[in-house]
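Step one of this worksheet: look at the structure below.
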Amino acid sequence: MADKVGQWLDFTAVRPAATGQLAMPDALDELDLSILNLAIDRPRAGVREYARLLGVARGTVQARLDKMARIGVIAGYAPTVSPAAMGFTAFAYVRLNLSQGVLDQVTEHLAAIPEVIEADSIAGDSDLLCQVVSTGPENLEEVIQRIVAVPGVIRSRTEPVLRRRIPRRIKPLIERVARDLARRR
């Protein structure tokens with residue numbers, strides 16, 4: 001696994017930004033960003049190939065990947081799996097309103113429902129925003145019924161996704177960090 005890089009990248013190790021500026025990971029430089037771009041463009045190429053393409057030593061690339069994993073920029077090495085390819089072709093957002101003081105318990109119950117693939121606590125007129133997959137409209141109704149049966153769920157609002165227009169992407173963020181880094185120099 002040390003020679004492979006996945007696509008799950010997350011910029012979490014950042015310092016607060018001044019007004020109008022991007023919060024920059026202090027430890028990232030142009031080489032780090034080049035490695036991240038390669039990891040996204042060619043996730044299965046491996047460290048040796050990244051080193052060859054960048055004209056640096058394999059140990060340098062591996063050390064940079066290890067550093068970025070340690071500080072949280074690279075958040076994992078899992079493959080990207082398509083629920084649709086496994087038969088879960090419908091996707092929806094489900095907003096939940098909860099009773100006071102039950103967030104943790106509701107979250108535990110939701111984690112036991114396989115079709116709830118993500119849940120985030122949010123601010124606004126709902127308490128949780130869940131990403132839900134299903135095999136179709138009838139199955140979506142069944143999943144929603146299991147969700148609203150969770151103790152502490154007061155109300156739900158479901159928003160089926162018709163078509164994903166922009167898939168999850170990180171490369172534009174890396175490019176922005178690179179531009180901001182170049183401006184700072």
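Lettering and numbering for the structure tokens are positional, with chains as A, B, ... in the shown order, residues counted from 1 in each chain, and ligands counted from 1 in the shown order.
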Open item on the list: Applying 9 Å and only C-alpha atoms, which residues near Tyr50 of chain A remain after dropping the ones on its own chain fewer than 5 positions away? List them as a list in words.
Closed with: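 Near Tyr50 of chain A, the qualifying residues are Ile35, Leu38, Ala39, Arg42, Ala45, Gly55, Val56, Arg58 and Val61 of chain A.
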Would you save the residues from that selection as a tab-separated table (two decimals), in the first residue's frame, using N, CA, C and O atoms?
```tsv
chain	number	residue	atom	x	y	z
A	35	ILE	N	2.54	16.35	-6.67
A	35	ILE	CA	2.30	14.96	-6.28
A	35	ILE	C	0.81	14.72	-6.11
A	35	ILE	O	0.28	13.70	-6.56
A	38	LEU	N	-0.81	14.38	-9.49
A	38	LEU	CA	-0.55	13.05	-10.07
A	38	LEU	C	-1.39	11.98	-9.38
A	38	LEU	O	-1.89	11.06	-10.03
A	39	ALA	N	-1.53	12.08	-8.06
A	39	ALA	CA	-2.31	11.10	-7.32
A	39	ALA	C	-3.77	11.09	-7.78
A	39	ALA	O	-4.41	10.04	-7.82
A	42	ARG	N	-3.55	9.95	-11.81
A	42	ARG	CA	-3.06	8.58	-12.00
A	42	ARG	C	-2.93	7.88	-10.66
A	42	ARG	O	-1.82	7.58	-10.21
A	45	ALA	N	-0.66	4.68	-10.35
A	45	ALA	CA	0.67	4.68	-10.95
A	45	ALA	C	1.76	4.30	-9.94
A	45	ALA	O	2.72	3.63	-10.31
A	55	GLY	N	10.80	13.93	-11.84
A	55	GLY	CA	12.25	14.09	-11.87
A	55	GLY	C	12.87	14.22	-10.49
A	55	GLY	O	13.85	14.94	-10.32
A	56	VAL	N	12.29	13.53	-9.51
A	56	VAL	CA	12.83	13.55	-8.15
A	56	VAL	C	13.02	12.11	-7.68
A	56	VAL	O	12.55	11.17	-8.32
A	58	ARG	N	12.57	8.66	-5.60
A	58	ARG	CA	11.42	7.93	-5.08
A	58	ARG	C	11.23	8.20	-3.59
A	58	ARG	O	10.12	8.40	-3.12
A	61	VAL	N	9.39	11.49	-2.96
A	61	VAL	CA	7.94	11.39	-3.17
A	61	VAL	C	7.30	10.66	-2.01
A	61	VAL	O	6.27	11.10	-1.47
```
Open item on the list: Please return, as a VMD selection string, all residues of segment 9-133 of chain A that DSSP assigns to helix (DSSP H, G or I) on the basis of the backbone.
Closed with: chain A and resid 30 to 41 47 to 54 58 to 70 84 to 86 103 to 111
Which residues of segment 88-114 of chain A come within 6 Å of segment 154-167 of chain A, and what is each one's closest atom pair and distance in Å (one decimal), counting only C-alpha atoms, sorted by chain and residue number, as a tab-separated table?
```
residue	atom	partner	partner_atom	distance
A:Phe91	CA	A:Val161	CA	5.5
A:Ala92	CA	A:Pro160	CA	4.0
A:Tyr93	CA	A:Glu159	CA	5.1
A:Val94	CA	A:Thr158	CA	4.4
A:Arg95	CA	A:Arg157	CA	5.1
A:Leu96	CA	A:Ser156	CA	4.6
A:Asn97	CA	A:Arg155	CA	5.1
A:Leu98	CA	A:Ile154	CA	5.2
```
Task: Ala119 of chain A environment, 12 Å, only C-alpha atoms, sequence neighbours closer than 2 positions dropped, as a PyMOL selection string - done: chain A and resi 92-96+103-104+106-111+113-117+121-122+127-132+147
Taking N, CA, C and O atoms for each residue, export the selection above as a compact mmCIF listing (two decimals), in the first residue's frame.
```
# COMPACT_ATOMS: atom_id res chain seq x y z
N ALA A 92 -30.34 10.32 -2.92
CA ALA A 92 -31.18 11.40 -2.37
C ALA A 92 -30.49 12.03 -1.17
O ALA A 92 -29.65 11.41 -0.50
N TYR A 93 -30.86 13.27 -0.92
CA TYR A 93 -30.49 13.95 0.32
C TYR A 93 -31.71 13.91 1.22
O TYR A 93 -32.83 14.19 0.78
N VAL A 94 -31.50 13.56 2.47
CA VAL A 94 -32.59 13.53 3.44
C VAL A 94 -32.20 14.46 4.58
O VAL A 94 -31.19 14.25 5.25
N ARG A 95 -33.01 15.49 4.79
CA ARG A 95 -32.79 16.44 5.88
C ARG A 95 -33.64 15.99 7.06
O ARG A 95 -34.82 15.67 6.89
N LEU A 96 -33.03 15.99 8.24
CA LEU A 96 -33.74 15.53 9.43
C LEU A 96 -33.78 16.63 10.48
O LEU A 96 -32.78 17.30 10.73
N LEU A 103 -28.73 13.90 19.20
CA LEU A 103 -27.91 13.83 17.99
C LEU A 103 -27.03 12.58 17.96
O LEU A 103 -26.99 11.86 16.95
N ASP A 104 -26.33 12.29 19.02
CA ASP A 104 -25.44 11.13 19.04
C ASP A 104 -26.20 9.82 18.91
O ASP A 104 -25.80 8.92 18.16
N VAL A 106 -29.22 9.35 17.55
CA VAL A 106 -29.78 9.26 16.20
C VAL A 106 -28.68 8.86 15.23
O VAL A 106 -28.88 8.00 14.35
N THR A 107 -27.51 9.46 15.37
CA THR A 107 -26.39 9.14 14.49
C THR A 107 -26.04 7.66 14.57
O THR A 107 -25.79 7.01 13.55
N GLU A 108 -26.03 7.11 15.78
CA GLU A 108 -25.75 5.67 15.94
C GLU A 108 -26.79 4.83 15.22
O GLU A 108 -26.44 3.84 14.54
N HIS A 109 -28.06 5.18 15.34
CA HIS A 109 -29.12 4.43 14.65
C HIS A 109 -28.99 4.55 13.13
O HIS A 109 -29.18 3.57 12.40
N LEU A 110 -28.68 5.74 12.65
CA LEU A 110 -28.53 5.94 11.21
C LEU A 110 -27.36 5.13 10.65
O LEU A 110 -27.42 4.61 9.54
N ALA A 111 -26.30 5.02 11.44
CA ALA A 111 -25.14 4.24 11.00
C ALA A 111 -25.48 2.77 10.80
O ALA A 111 -24.78 2.07 10.07
N ILE A 113 -28.14 1.76 9.28
CA ILE A 113 -28.91 1.66 8.04
C ILE A 113 -27.91 1.73 6.89
O ILE A 113 -27.34 2.80 6.62
N PRO A 114 -27.66 0.62 6.19
CA PRO A 114 -26.61 0.60 5.17
C PRO A 114 -26.78 1.64 4.06
O PRO A 114 -25.78 2.14 3.53
N GLU A 115 -28.01 1.97 3.71
CA GLU A 115 -28.24 2.91 2.62
C GLU A 115 -27.93 4.36 2.99
O GLU A 115 -27.85 5.22 2.11
N VAL A 116 -27.75 4.65 4.27
CA VAL A 116 -27.31 5.98 4.69
C VAL A 116 -25.79 5.97 4.57
O VAL A 116 -25.09 5.40 5.40
N ILE A 117 -25.29 6.58 3.49
CA ILE A 117 -23.85 6.49 3.22
C ILE A 117 -23.06 7.65 3.81
O ILE A 117 -21.84 7.57 3.90
N SER A 121 -23.99 16.81 10.57
CA SER A 121 -24.79 17.75 11.34
C SER A 121 -24.60 19.12 10.68
O SER A 121 -23.51 19.47 10.25
N ILE A 122 -25.70 19.86 10.58
CA ILE A 122 -25.67 21.12 9.84
C ILE A 122 -26.35 22.22 10.65
O ILE A 122 -27.11 21.94 11.58
N ASP A 127 -31.28 19.57 11.27
CA ASP A 127 -30.18 19.20 12.16
C ASP A 127 -29.16 18.29 11.50
O ASP A 127 -27.97 18.36 11.78
N LEU A 128 -29.63 17.38 10.63
CA LEU A 128 -28.76 16.44 9.95
C LEU A 128 -29.07 16.45 8.46
O LEU A 128 -30.24 16.56 8.06
N LEU A 129 -28.03 16.30 7.66
CA LEU A 129 -28.18 16.12 6.22
C LEU A 129 -27.57 14.77 5.89
O LEU A 129 -26.37 14.56 6.07
N CYS A 130 -28.41 13.86 5.41
CA CYS A 130 -27.97 12.50 5.10
C CYS A 130 -27.91 12.31 3.59
O CYS A 130 -28.79 12.79 2.87
N GLN A 131 -26.90 11.59 3.16
CA GLN A 131 -26.85 11.14 1.78
C GLN A 131 -27.29 9.68 1.79
O GLN A 131 -26.76 8.87 2.55
N VAL A 132 -28.28 9.38 0.96
CA VAL A 132 -28.92 8.07 0.98
C VAL A 132 -28.93 7.50 -0.43
O VAL A 132 -29.18 8.22 -1.39
N ILE A 147 -35.57 5.45 8.44
CA ILE A 147 -34.95 6.65 9.02
C ILE A 147 -35.91 7.36 9.95
O ILE A 147 -35.55 7.72 11.08
```
- [ ] Excluding segment 81-84 of chain A and residues on its chain fewer than 3 positions from it, collect all residues at most 10 Å away from it, counting only C-alpha atoms, and give them as a ChimeraX atom specification.
- [x] /A:78,87-91,115,117,133-135
